>>> print(open('run-v1.pdb').read())   # PDB, C-alpha atoms
MODEL        1
ATOM      1  CA  ALA A  27     -56.978 -18.143 -36.293  1.00  0.00           C
ATOM      2  CA  VAL A  28     -54.662 -18.720 -33.321  1.00  0.00           C
ATOM      3  CA  GLY A  29     -53.986 -22.459 -33.459  1.00  0.00           C
ATOM      4  CA  VAL A  30     -52.681 -24.987 -30.965  1.00  0.00           C
ATOM      5  CA  GLY A  31     -49.266 -24.063 -29.637  1.00  0.00           C
ATOM      6  CA  TRP A  32     -49.431 -20.291 -30.132  1.00  0.00           C
ATOM      7  CA  ASP A  33     -49.673 -19.332 -26.460  1.00  0.00           C
ATOM      8  CA  ARG A  34     -46.868 -21.761 -25.636  1.00  0.00           C
ATOM      9  CA  LEU A  35     -44.675 -20.167 -28.314  1.00  0.00           C
ATOM     10  CA  VAL A  36     -45.319 -16.649 -26.977  1.00  0.00           C
ATOM     11  CA  ASP A  37     -44.559 -17.707 -23.401  1.00  0.00           C
ATOM     12  CA  SER A  38     -41.335 -19.402 -24.519  1.00  0.00           C
ATOM     13  CA  PHE A  39     -40.214 -16.281 -26.404  1.00  0.00           C
ATOM     14  CA  LEU A  40     -40.886 -14.056 -23.392  1.00  0.00           C
ATOM     15  CA  GLU A  41     -38.998 -16.416 -21.111  1.00  0.00           C
ATOM     16  CA  LYS A  42     -35.952 -16.576 -23.387  1.00  0.00           C
ATOM     17  CA  ASN A  43     -35.993 -12.872 -24.261  1.00  0.00           C
ATOM     18  CA  LYS A  44     -36.685 -11.161 -20.963  1.00  0.00           C
ATOM     19  CA  ASP A  45     -35.215  -7.875 -22.174  1.00  0.00           C
ATOM     20  CA  ALA A  46     -37.113  -7.828 -25.459  1.00  0.00           C
ATOM     21  CA  THR A  47     -40.317  -6.173 -24.290  1.00  0.00           C
ATOM     22  CA  ILE A  48     -40.509  -2.522 -23.294  1.00  0.00           C
ATOM     23  CA  THR A  49     -41.725  -3.037 -19.736  1.00  0.00           C
ATOM     24  CA  GLN A  50     -43.117  -5.683 -17.427  1.00  0.00           C
ATOM     25  CA  GLU A  51     -46.268  -3.578 -17.376  1.00  0.00           C
ATOM     26  CA  GLN A  52     -46.754  -4.282 -21.080  1.00  0.00           C
ATOM     27  CA  ILE A  53     -46.410  -8.008 -20.501  1.00  0.00           C
ATOM     28  CA  ASP A  54     -48.917  -7.842 -17.654  1.00  0.00           C
ATOM     29  CA  GLU A  55     -51.367  -5.879 -19.813  1.00  0.00           C
ATOM     30  CA  PHE A  56     -50.983  -8.405 -22.617  1.00  0.00           C
ATOM     31  CA  GLN A  57     -51.530 -11.339 -20.256  1.00  0.00           C
ATOM     32  CA  LYS A  58     -54.866  -9.891 -19.100  1.00  0.00           C
ATOM     33  CA  ASP A  59     -56.380 -10.571 -22.515  1.00  0.00           C
ATOM     34  CA  ARG A  60     -54.162 -12.015 -25.217  1.00  0.00           C
ATOM     35  CA  ARG A  61     -56.910 -11.933 -27.833  1.00  0.00           C
ATOM     36  CA  ILE A  62     -57.307  -8.153 -28.073  1.00  0.00           C
ATOM     37  CA  SER A  63     -56.231  -7.498 -31.664  1.00  0.00           C
ATOM     38  CA  PHE A  64     -56.129  -4.836 -34.363  1.00  0.00           C
ATOM     39  CA  TYR A  65     -58.961  -6.018 -36.579  1.00  0.00           C
ATOM     40  CA  ASN A  66     -58.444  -4.349 -39.922  1.00  0.00           C
ATOM     41  CA  ASN A  67     -56.171  -4.372 -42.949  1.00  0.00           C
ATOM     42  CA  PHE A  68     -55.271  -0.692 -42.806  1.00  0.00           C
ATOM     43  CA  PHE A  69     -51.851  -0.015 -41.332  1.00  0.00           C
ATOM     44  CA  ILE A  70     -49.188   2.639 -41.595  1.00  0.00           C
ATOM     45  CA  ALA A  71     -45.980   1.258 -40.133  1.00  0.00           C
ATOM     46  CA  ASP A  72     -42.284   1.903 -39.834  1.00  0.00           C
ATOM     47  CA  ILE A  73     -40.939  -1.219 -41.543  1.00  0.00           C
ATOM     48  CA  SER A  74     -37.645  -0.951 -39.682  1.00  0.00           C
ATOM     49  CA  PHE A  75     -39.473  -1.903 -36.488  1.00  0.00           C
ATOM     50  CA  PHE A  76     -40.277  -5.309 -37.972  1.00  0.00           C
ATOM     51  CA  THR A  77     -36.880  -5.865 -39.599  1.00  0.00           C
ATOM     52  CA  ARG A  78     -34.723  -5.380 -36.528  1.00  0.00           C
ATOM     53  CA  PRO A  79     -34.647  -7.085 -33.105  1.00  0.00           C
ATOM     54  CA  PRO A  80     -36.577  -7.762 -31.033  1.00  0.00           C
ATOM     55  CA  ALA A  81     -39.476  -7.844 -33.549  1.00  0.00           C
ATOM     56  CA  SER A  82     -37.424  -9.613 -36.239  1.00  0.00           C
ATOM     57  CA  THR A  83     -36.276 -12.177 -33.653  1.00  0.00           C
ATOM     58  CA  PHE A  84     -39.874 -12.867 -32.644  1.00  0.00           C
ATOM     59  CA  LEU A  85     -41.003 -13.149 -36.285  1.00  0.00           C
ATOM     60  CA  ASP A  86     -38.173 -15.621 -37.004  1.00  0.00           C
ATOM     61  CA  VAL A  87     -39.304 -17.754 -34.058  1.00  0.00           C
ATOM     62  CA  ILE A  88     -42.869 -17.700 -35.387  1.00  0.00           C
ATOM     63  CA  ASP A  89     -41.709 -18.638 -38.892  1.00  0.00           C
ATOM     64  CA  GLN A  90     -39.548 -21.502 -37.640  1.00  0.00           C
ATOM     65  CA  SER A  91     -42.422 -22.887 -35.543  1.00  0.00           C
ATOM     66  CA  ASN A  92     -44.427 -23.631 -38.742  1.00  0.00           C
ATOM     67  CA  LEU A  93     -47.637 -22.700 -36.897  1.00  0.00           C
ATOM     68  CA  ILE A  94     -48.673 -20.567 -39.872  1.00  0.00           C
ATOM     69  CA  TYR A  95     -48.735 -23.710 -42.005  1.00  0.00           C
ATOM     70  CA  THR A  96     -49.755 -26.394 -39.520  1.00  0.00           C
ATOM     71  CA  GLN A  97     -52.244 -24.440 -37.367  1.00  0.00           C
ATOM     72  CA  ARG A  98     -53.290 -21.613 -39.719  1.00  0.00           C
ATOM     73  CA  THR A  99     -52.072 -19.047 -37.182  1.00  0.00           C
ATOM     74  CA  GLY A 100     -53.094 -15.863 -38.963  1.00  0.00           C
ATOM     75  CA  ASP A 101     -51.689 -12.415 -39.573  1.00  0.00           C
ATOM     76  CA  LEU A 102     -54.184 -10.831 -37.167  1.00  0.00           C
ATOM     77  CA  VAL A 103     -52.838 -12.571 -34.077  1.00  0.00           C
ATOM     78  CA  ILE A 104     -49.206 -12.348 -35.221  1.00  0.00           C
ATOM     79  CA  HIS A 105     -48.951  -8.644 -35.914  1.00  0.00           C
ATOM     80  CA  SER A 106     -51.186  -7.760 -32.959  1.00  0.00           C
ATOM     81  CA  THR A 107     -49.043  -9.766 -30.542  1.00  0.00           C
ATOM     82  CA  VAL A 108     -45.781  -8.362 -31.891  1.00  0.00           C
ATOM     83  CA  VAL A 109     -47.007  -4.779 -31.659  1.00  0.00           C
ATOM     84  CA  ARG A 110     -48.659  -5.151 -28.259  1.00  0.00           C
ATOM     85  CA  LEU A 111     -45.581  -6.724 -26.673  1.00  0.00           C
ATOM     86  CA  LEU A 112     -42.821  -4.767 -28.360  1.00  0.00           C
ATOM     87  CA  LEU A 113     -44.152  -1.244 -28.887  1.00  0.00           C
ATOM     88  CA  PRO A 114     -45.151   1.218 -26.153  1.00  0.00           C
ATOM     89  CA  PRO A 115     -48.681   2.632 -26.554  1.00  0.00           C
ATOM     90  CA  LYS A 116     -47.305   6.140 -27.134  1.00  0.00           C
ATOM     91  CA  LYS A 117     -45.855   4.885 -30.429  1.00  0.00           C
ATOM     92  CA  ILE A 118     -49.189   3.503 -31.664  1.00  0.00           C
ATOM     93  CA  HIS A 119     -51.870   5.661 -33.246  1.00  0.00           C
ATOM     94  CA  TRP A 120     -55.434   4.373 -33.229  1.00  0.00           C
ATOM     95  CA  PHE A 121     -57.300   5.482 -36.360  1.00  0.00           C
ATOM     96  CA  ARG A 122     -60.959   5.771 -35.390  1.00  0.00           C
ATOM     97  CA  ASP A 123     -62.459   8.143 -37.949  1.00  0.00           C
ATOM     98  CA  PHE A 124     -63.444   5.782 -40.740  1.00  0.00           C
ATOM     99  CA  ALA A 125     -65.965   2.962 -41.150  1.00  0.00           C
ATOM    100  CA  TYR A 126     -64.458  -0.426 -41.868  1.00  0.00           C
ATOM    101  CA  GLU A 127     -65.983  -3.543 -43.395  1.00  0.00           C
ATOM    102  CA  HIS A 128     -64.240  -6.886 -43.103  1.00  0.00           C
ATOM    103  CA  MET A 129     -66.872  -9.529 -43.720  1.00  0.00           C
ATOM    104  CA  THR A 130     -66.818 -12.825 -45.588  1.00  0.00           C
ATOM    105  CA  LEU A 131     -69.916 -14.455 -47.043  1.00  0.00           C
ATOM    106  CA  CYS A 132     -70.023 -18.217 -47.425  1.00  0.00           C
ATOM    107  CA  THR A 133     -69.633 -19.176 -51.094  1.00  0.00           C
ATOM    108  CA  LYS A 134     -69.824 -22.946 -50.652  1.00  0.00           C
ATOM    109  CA  PRO A 135     -73.027 -24.929 -50.097  1.00  0.00           C
ATOM    110  CA  GLN A 136     -72.171 -24.907 -46.379  1.00  0.00           C
ATOM    111  CA  CYS A 137     -69.393 -23.352 -44.278  1.00  0.00           C
ATOM    112  CA  GLY A 138     -69.641 -25.034 -40.901  1.00  0.00           C
ATOM    113  CA  PHE A 139     -72.702 -25.652 -38.748  1.00  0.00           C
ATOM    114  CA  GLY A 140     -75.637 -23.462 -39.661  1.00  0.00           C
ATOM    115  CA  VAL A 141     -73.779 -21.320 -42.182  1.00  0.00           C
ATOM    116  CA  VAL A 142     -75.054 -21.828 -45.725  1.00  0.00           C
ATOM    117  CA  LYS A 143     -74.179 -20.155 -49.003  1.00  0.00           C
ATOM    118  CA  GLY A 144     -74.702 -16.400 -48.882  1.00  0.00           C
ATOM    119  CA  CYS A 145     -74.667 -16.270 -45.081  1.00  0.00           C
ATOM    120  CA  PRO A 146     -72.053 -14.163 -43.218  1.00  0.00           C
ATOM    121  CA  GLN A 147     -69.211 -16.502 -42.346  1.00  0.00           C
ATOM    122  CA  ASN A 148     -67.030 -14.159 -40.344  1.00  0.00           C
ATOM    123  CA  GLY A 149     -66.118 -10.514 -39.905  1.00  0.00           C
ATOM    124  CA  GLY A 150     -68.247  -7.432 -39.505  1.00  0.00           C
ATOM    125  CA  PHE A 151     -68.806  -3.788 -40.311  1.00  0.00           C
ATOM    126  CA  SER A 152     -67.754  -1.161 -37.777  1.00  0.00           C
ATOM    127  CA  ARG A 153     -68.741   2.487 -37.666  1.00  0.00           C
ATOM    128  CA  GLY A 154     -65.893   4.908 -37.172  1.00  0.00           C
ATOM    129  CA  VAL A 155     -66.140   8.006 -35.014  1.00  0.00           C
ATOM    130  CA  GLY A 156     -67.947  10.797 -36.867  1.00  0.00           C
ATOM    131  CA  THR A 157     -68.555   8.811 -40.049  1.00  0.00           C
ATOM    132  CA  TYR A 158     -72.335   8.258 -39.976  1.00  0.00           C
ATOM    133  CA  THR A 159     -75.277   9.608 -38.033  1.00  0.00           C
ATOM    134  CA  ASP A 160     -77.352   7.134 -36.033  1.00  0.00           C
ATOM    135  CA  ASP A 161     -80.075   7.192 -38.697  1.00  0.00           C
ATOM    136  CA  GLU A 162     -77.576   6.637 -41.513  1.00  0.00           C
ATOM    137  CA  TRP A 163     -75.951   3.752 -39.646  1.00  0.00           C
ATOM    138  CA  SER A 164     -79.302   2.104 -38.952  1.00  0.00           C
ATOM    139  CA  ALA A 165     -80.168   2.296 -42.657  1.00  0.00           C
ATOM    140  CA  ILE A 166     -76.808   0.811 -43.674  1.00  0.00           C
ATOM    141  CA  THR A 167     -76.962  -2.117 -41.275  1.00  0.00           C
ATOM    142  CA  LEU A 168     -80.594  -2.821 -42.153  1.00  0.00           C
ATOM    143  CA  ASP A 169     -79.704  -2.894 -45.842  1.00  0.00           C
ATOM    144  CA  MET A 170     -76.827  -5.314 -45.188  1.00  0.00           C
ATOM    145  CA  LYS A 171     -79.041  -7.588 -43.118  1.00  0.00           C
ATOM    146  CA  GLN A 172     -81.716  -7.695 -45.780  1.00  0.00           C
ATOM    147  CA  LYS A 173     -79.181  -8.478 -48.501  1.00  0.00           C
ATOM    148  CA  ALA A 174     -77.666 -11.311 -46.476  1.00  0.00           C
ATOM    149  CA  GLN A 175     -81.066 -12.748 -45.641  1.00  0.00           C
ATOM    150  CA  TYR A 176     -82.044 -12.627 -49.293  1.00  0.00           C
ATOM    151  CA  ASP A 177     -78.778 -13.964 -50.688  1.00  0.00           C
ATOM    152  CA  LYS A 178     -78.682 -16.946 -48.371  1.00  0.00           C
ATOM    153  CA  LYS A 179     -82.019 -18.376 -49.502  1.00  0.00           C
ATOM    154  CA  VAL A 180     -80.464 -21.155 -51.522  1.00  0.00           C
ATOM    155  CA  VAL A 181     -82.226 -24.004 -49.725  1.00  0.00           C
ATOM    156  CA  ASP A 182     -85.577 -25.371 -50.777  1.00  0.00           C
ATOM    157  CA  VAL A 183     -87.832 -23.998 -48.050  1.00  0.00           C
ATOM    158  CA  ARG A 184     -90.467 -26.601 -48.929  1.00  0.00           C
ATOM    159  CA  VAL A 185     -88.085 -29.370 -47.900  1.00  0.00           C
ATOM    160  CA  ASP A 186     -85.289 -27.944 -45.765  1.00  0.00           C
ATOM    161  CA  LYS A 187     -85.647 -26.255 -42.412  1.00  0.00           C
ATOM    162  CA  PRO A 188     -84.727 -22.555 -42.282  1.00  0.00           C
ATOM    163  CA  ASP A 189     -81.165 -21.815 -41.258  1.00  0.00           C
ATOM    164  CA  ARG A 190     -81.992 -20.698 -37.725  1.00  0.00           C
ATOM    165  CA  LEU A 191     -78.427 -20.031 -36.654  1.00  0.00           C
ATOM    166  CA  CYS A 192     -77.732 -17.726 -39.567  1.00  0.00           C
ATOM    167  CA  GLU A 193     -80.975 -15.846 -38.961  1.00  0.00           C
ATOM    168  CA  LEU A 194     -80.072 -15.365 -35.307  1.00  0.00           C
ATOM    169  CA  MET A 195     -76.618 -14.054 -36.166  1.00  0.00           C
ATOM    170  CA  ILE A 196     -78.057 -11.551 -38.608  1.00  0.00           C
ATOM    171  CA  ARG A 197     -80.822 -10.454 -36.281  1.00  0.00           C
ATOM    172  CA  GLY A 198     -78.474 -10.210 -33.297  1.00  0.00           C
ATOM    173  CA  ASN A 199     -75.833  -8.093 -35.042  1.00  0.00           C
ATOM    174  CA  THR A 200     -73.177 -10.727 -34.374  1.00  0.00           C
ATOM    175  CA  TYR A 201     -71.626 -10.120 -37.773  1.00  0.00           C
ATOM    176  CA  ILE A 202     -73.453  -7.374 -39.618  1.00  0.00           C
ATOM    177  CA  GLY A 203     -73.250  -3.994 -37.974  1.00  0.00           C
ATOM    178  CA  ALA A 204     -70.432  -4.720 -35.565  1.00  0.00           C
ATOM    179  CA  LYS A 205     -70.114  -2.471 -32.524  1.00  0.00           C
ATOM    180  CA  ASP A 206     -69.123   1.142 -33.002  1.00  0.00           C
ATOM    181  CA  VAL A 207     -65.475   1.991 -32.464  1.00  0.00           C
ATOM    182  CA  ARG A 208     -66.765   4.362 -29.787  1.00  0.00           C
ATOM    183  CA  MET A 209     -67.800   1.380 -27.671  1.00  0.00           C
ATOM    184  CA  CYS A 210     -64.123   0.798 -26.845  1.00  0.00           C
ATOM    185  CA  LEU A 211     -64.213   4.033 -24.845  1.00  0.00           C
ATOM    186  CA  LYS A 212     -66.606   2.511 -22.317  1.00  0.00           C
ATOM    187  CA  ARG A 213     -65.045   0.904 -19.271  1.00  0.00           C
ATOM    188  CA  LYS A 214     -67.302  -2.150 -19.401  1.00  0.00           C
ATOM    189  CA  GLU A 215     -66.094  -3.103 -22.893  1.00  0.00           C
ATOM    190  CA  ARG A 216     -63.441  -5.782 -23.310  1.00  0.00           C
ATOM    191  CA  CYS A 217     -61.317  -3.582 -25.597  1.00  0.00           C
ATOM    192  CA  TYR A 218     -61.280  -0.570 -23.237  1.00  0.00           C
ATOM    193  CA  PRO A 219     -58.377  -1.476 -20.882  1.00  0.00           C
ATOM    194  CA  TYR A 220     -55.870  -1.714 -23.732  1.00  0.00           C
ATOM    195  CA  LEU A 221     -57.127   0.852 -26.238  1.00  0.00           C
ATOM    196  CA  LYS A 222     -57.569   3.536 -23.568  1.00  0.00           C
ATOM    197  CA  GLN A 223     -53.781   3.808 -23.524  1.00  0.00           C
ATOM    198  CA  PHE A 224     -53.837   5.320 -27.019  1.00  0.00           C
ATOM    199  CA  LEU A 225     -56.052   8.200 -26.004  1.00  0.00           C
ATOM    200  CA  ASP A 226     -55.730  11.209 -23.772  1.00  0.00           C
ATOM    201  CA  GLU A 227     -57.348  10.600 -20.413  1.00  0.00           C
ATOM    202  CA  ASN A 228     -59.972  13.263 -21.064  1.00  0.00           C
ATOM    203  CA  GLU A 229     -61.202  11.286 -24.105  1.00  0.00           C
ATOM    204  CA  ALA A 230     -61.874   8.123 -22.160  1.00  0.00           C
ATOM    205  CA  ALA A 231     -65.498   7.645 -21.099  1.00  0.00           C
ATOM    206  CA  GLU A 232     -66.321   7.200 -17.477  1.00  0.00           C
TER     207      GLU A 232
ENDMDL
END
>>> encode(input="run-v1.pdb", output="structure tokens")
Amino acid sequence: AVGVGWDRLVDSFLEKNKDATITQEQIDEFQKDRRISFYNNFFIADISFFTRPPASTFLDVIDQSNLIYTQRTGDLVIHSTVVRLLLPPKKIHWFRDFAYEHMTLCTKPQCGFGVVKGCPQNGGFSRGVGTYTDDEWSAITLDMKQKAQYDKKVVDVRVDKPDRLCELMIRGNTYIGAKDVRMCLKRKERCYPYLKQFLDENEAAE
């Protein structure tokens, strides 16, 4: 979650700490798409980066804003913004060689419009580079879809209408079977402009 006031807070920090970021180029790259984030819970980090300025200054500003408590501004947007603005790409390693699942199933009778118990609520499952063959990946995603479709049948189909939205999300791969990590090497993909900086130019797809 980002929350109301997050973008304003970031802009205010940048204005008051003009020398904090590495280069203006990094700011410009960040401004192109602020929502590009590192979507996993696997990190190897030098803690000293976060405990000294400018990162510690930025984190103090975030803490004092209370957005974490009042707007549910989450760890995803916080650590991604800090790293993107305050670390040069050459100091960031992009792990791409493992599959990663980060998916939440609804456990309440309903979790928002069209999402009933047992239905994927958020997240996805991404294939890492070299982890599964196409046939293996198809079998995995099919199995996950079938399980979700089965688990979510908690409504009385004789009375209630089928959960069309959930069915569409499952069928359309919106949650289950998220895009391959390799997709971020294609120029047309939203994640390409930023993540290409982590790779040698000869790795980037034309």
>>> resolve_selection(input="run-v1.pdb", expression="the PyMOL selection byres ((chain A and resi 57) around 12)", output="ChimeraX atom specification")
/A:33,36-37,40,50-56,58-62,107,110-111,220
>>> atom_distance(input="run-v1.pdb", atom1="atom CA of A:Val207", atom2="atom CA of A:Gly154")
5.6 Å
>>> atom_distance(input="run-v1.pdb", atom1="atom CA of A:Lys171", atom2="atom CA of A:Phe124")
20.7 Å
>>> resolve_selection(input="run-v1.pdb", expression="the PyMOL selection byres ((chain A and resi 48) around 8)", output="MDAnalysis selection string")
chainID A and resid 45:47 49:50 52 111:114
>>> atom_distance(input="run-v1.pdb", atom1="atom CA of A:Leu102", atom2="atom CA of A:Phe69")
11.8 Å
>>> resolve_selection(input="run-v1.pdb", expression="the PyMOL selection byres ((chain A and resi 31) around 12)", output="mmCIF file with C-alpha atoms, keeping the file's coordinate frame")
data_model
loop_
_atom_site.group_PDB
_atom_site.id
_atom_site.type_symbol
_atom_site.label_atom_id
_atom_site.label_comp_id
_atom_site.auth_asym_id
_atom_site.auth_seq_id
_atom_site.Cartn_x
_atom_site.Cartn_y
_atom_site.Cartn_z
ATOM 1 C CA ALA A 27 -56.978 -18.143 -36.293
ATOM 2 C CA VAL A 28 -54.662 -18.720 -33.321
ATOM 3 C CA GLY A 29 -53.986 -22.459 -33.459
ATOM 4 C CA VAL A 30 -52.681 -24.987 -30.965
ATOM 5 C CA TRP A 32 -49.431 -20.291 -30.132
ATOM 6 C CA ASP A 33 -49.673 -19.332 -26.460
ATOM 7 C CA ARG A 34 -46.868 -21.761 -25.636
ATOM 8 C CA LEU A 35 -44.675 -20.167 -28.314
ATOM 9 C CA VAL A 36 -45.319 -16.649 -26.977
ATOM 10 C CA ASP A 37 -44.559 -17.707 -23.401
ATOM 11 C CA SER A 38 -41.335 -19.402 -24.519
ATOM 12 C CA ILE A 88 -42.869 -17.700 -35.387
ATOM 13 C CA SER A 91 -42.422 -22.887 -35.543
ATOM 14 C CA ASN A 92 -44.427 -23.631 -38.742
ATOM 15 C CA LEU A 93 -47.637 -22.700 -36.897
ATOM 16 C CA ILE A 94 -48.673 -20.567 -39.872
ATOM 17 C CA THR A 96 -49.755 -26.394 -39.520
ATOM 18 C CA GLN A 97 -52.244 -24.440 -37.367
ATOM 19 C CA ARG A 98 -53.290 -21.613 -39.719
ATOM 20 C CA THR A 99 -52.072 -19.047 -37.182
#
>>> closest_residue(input="run-v1.pdb", among="A:Phe151, A:Tyr158, A:Trp163, A:Trp120", to="A:Phe64", atoms="only C-alpha atoms")
A:Trp120
>>> closest_residue(input="run-v1.pdb", among="A:Ala71, A:Leu168, A:Cys210, A:Leu131", to="A:His119", atoms="only C-alpha atoms")
A:Ala71
>>> closest_residue(input="run-v1.pdb", among="A:Ile166, A:Leu211, A:Ile70, A:Ala81", to="A:Arg153", atoms="all atoms listed in the file")
A:Ile166
>>> closest_residue(input="run-v1.pdb", among="A:Arg78, A:Thr83, A:Arg208, A:Glu215", to="A:Lys42", atoms="only C-alpha atoms")
A:Thr83
>>> decode(input="run-v1.pdb", residues="stretch 152-164 of chain A", atoms="N, CA and C atoms", output="mmCIF file, in the first residue's frame")
data_model
loop_
_atom_site.group_PDB
_atom_site.id
_atom_site.type_symbol
_atom_site.label_atom_id
_atom_site.label_comp_id
_atom_site.auth_asym_id
_atom_site.auth_seq_id
_atom_site.Cartn_x
_atom_site.Cartn_y
_atom_site.Cartn_z
ATOM 1 N N SER A 152 6.047 -16.011 -9.521
ATOM 2 C CA SER A 152 6.885 -15.668 -10.667
ATOM 3 C C SER A 152 7.950 -16.724 -10.912
ATOM 4 N N ARG A 153 8.164 -17.030 -12.171
ATOM 5 C CA ARG A 153 9.199 -17.994 -12.548
ATOM 6 C C ARG A 153 10.536 -17.294 -12.710
ATOM 7 N N GLY A 154 11.544 -17.804 -12.034
ATOM 8 C CA GLY A 154 12.876 -17.252 -12.171
ATOM 9 C C GLY A 154 13.554 -17.786 -13.422
ATOM 10 N N VAL A 155 14.621 -17.148 -13.824
ATOM 11 C CA VAL A 155 15.364 -17.552 -15.006
ATOM 12 C C VAL A 155 16.018 -18.913 -14.759
ATOM 13 N N GLY A 156 15.723 -19.876 -15.631
ATOM 14 C CA GLY A 156 16.343 -21.189 -15.559
ATOM 15 C C GLY A 156 15.791 -22.115 -14.494
ATOM 16 N N THR A 157 14.655 -21.774 -13.895
ATOM 17 C CA THR A 157 14.140 -22.601 -12.803
ATOM 18 C C THR A 157 13.210 -23.715 -13.272
ATOM 19 N N TYR A 158 12.372 -23.449 -14.266
ATOM 20 C CA TYR A 158 11.431 -24.448 -14.766
ATOM 21 C C TYR A 158 11.377 -24.391 -16.291
ATOM 22 N N THR A 159 11.134 -25.549 -16.892
ATOM 23 C CA THR A 159 10.892 -25.558 -18.334
ATOM 24 C C THR A 159 9.495 -25.016 -18.578
ATOM 25 N N ASP A 160 9.176 -24.706 -19.832
ATOM 26 C CA ASP A 160 7.841 -24.215 -20.154
ATOM 27 C C ASP A 160 6.772 -25.224 -19.763
ATOM 28 N N ASP A 161 7.011 -26.499 -20.010
ATOM 29 C CA ASP A 161 6.031 -27.531 -19.665
ATOM 30 C C ASP A 161 5.850 -27.635 -18.151
ATOM 31 N N GLU A 162 6.950 -27.568 -17.418
ATOM 32 C CA GLU A 162 6.864 -27.639 -15.954
ATOM 33 C C GLU A 162 6.100 -26.439 -15.402
ATOM 34 N N TRP A 163 6.372 -25.272 -15.958
ATOM 35 C CA TRP A 163 5.703 -24.051 -15.480
ATOM 36 C C TRP A 163 4.209 -24.090 -15.784
ATOM 37 N N SER A 164 3.853 -24.579 -16.945
ATOM 38 C CA SER A 164 2.433 -24.701 -17.301
ATOM 39 C C SER A 164 1.713 -25.625 -16.328
#
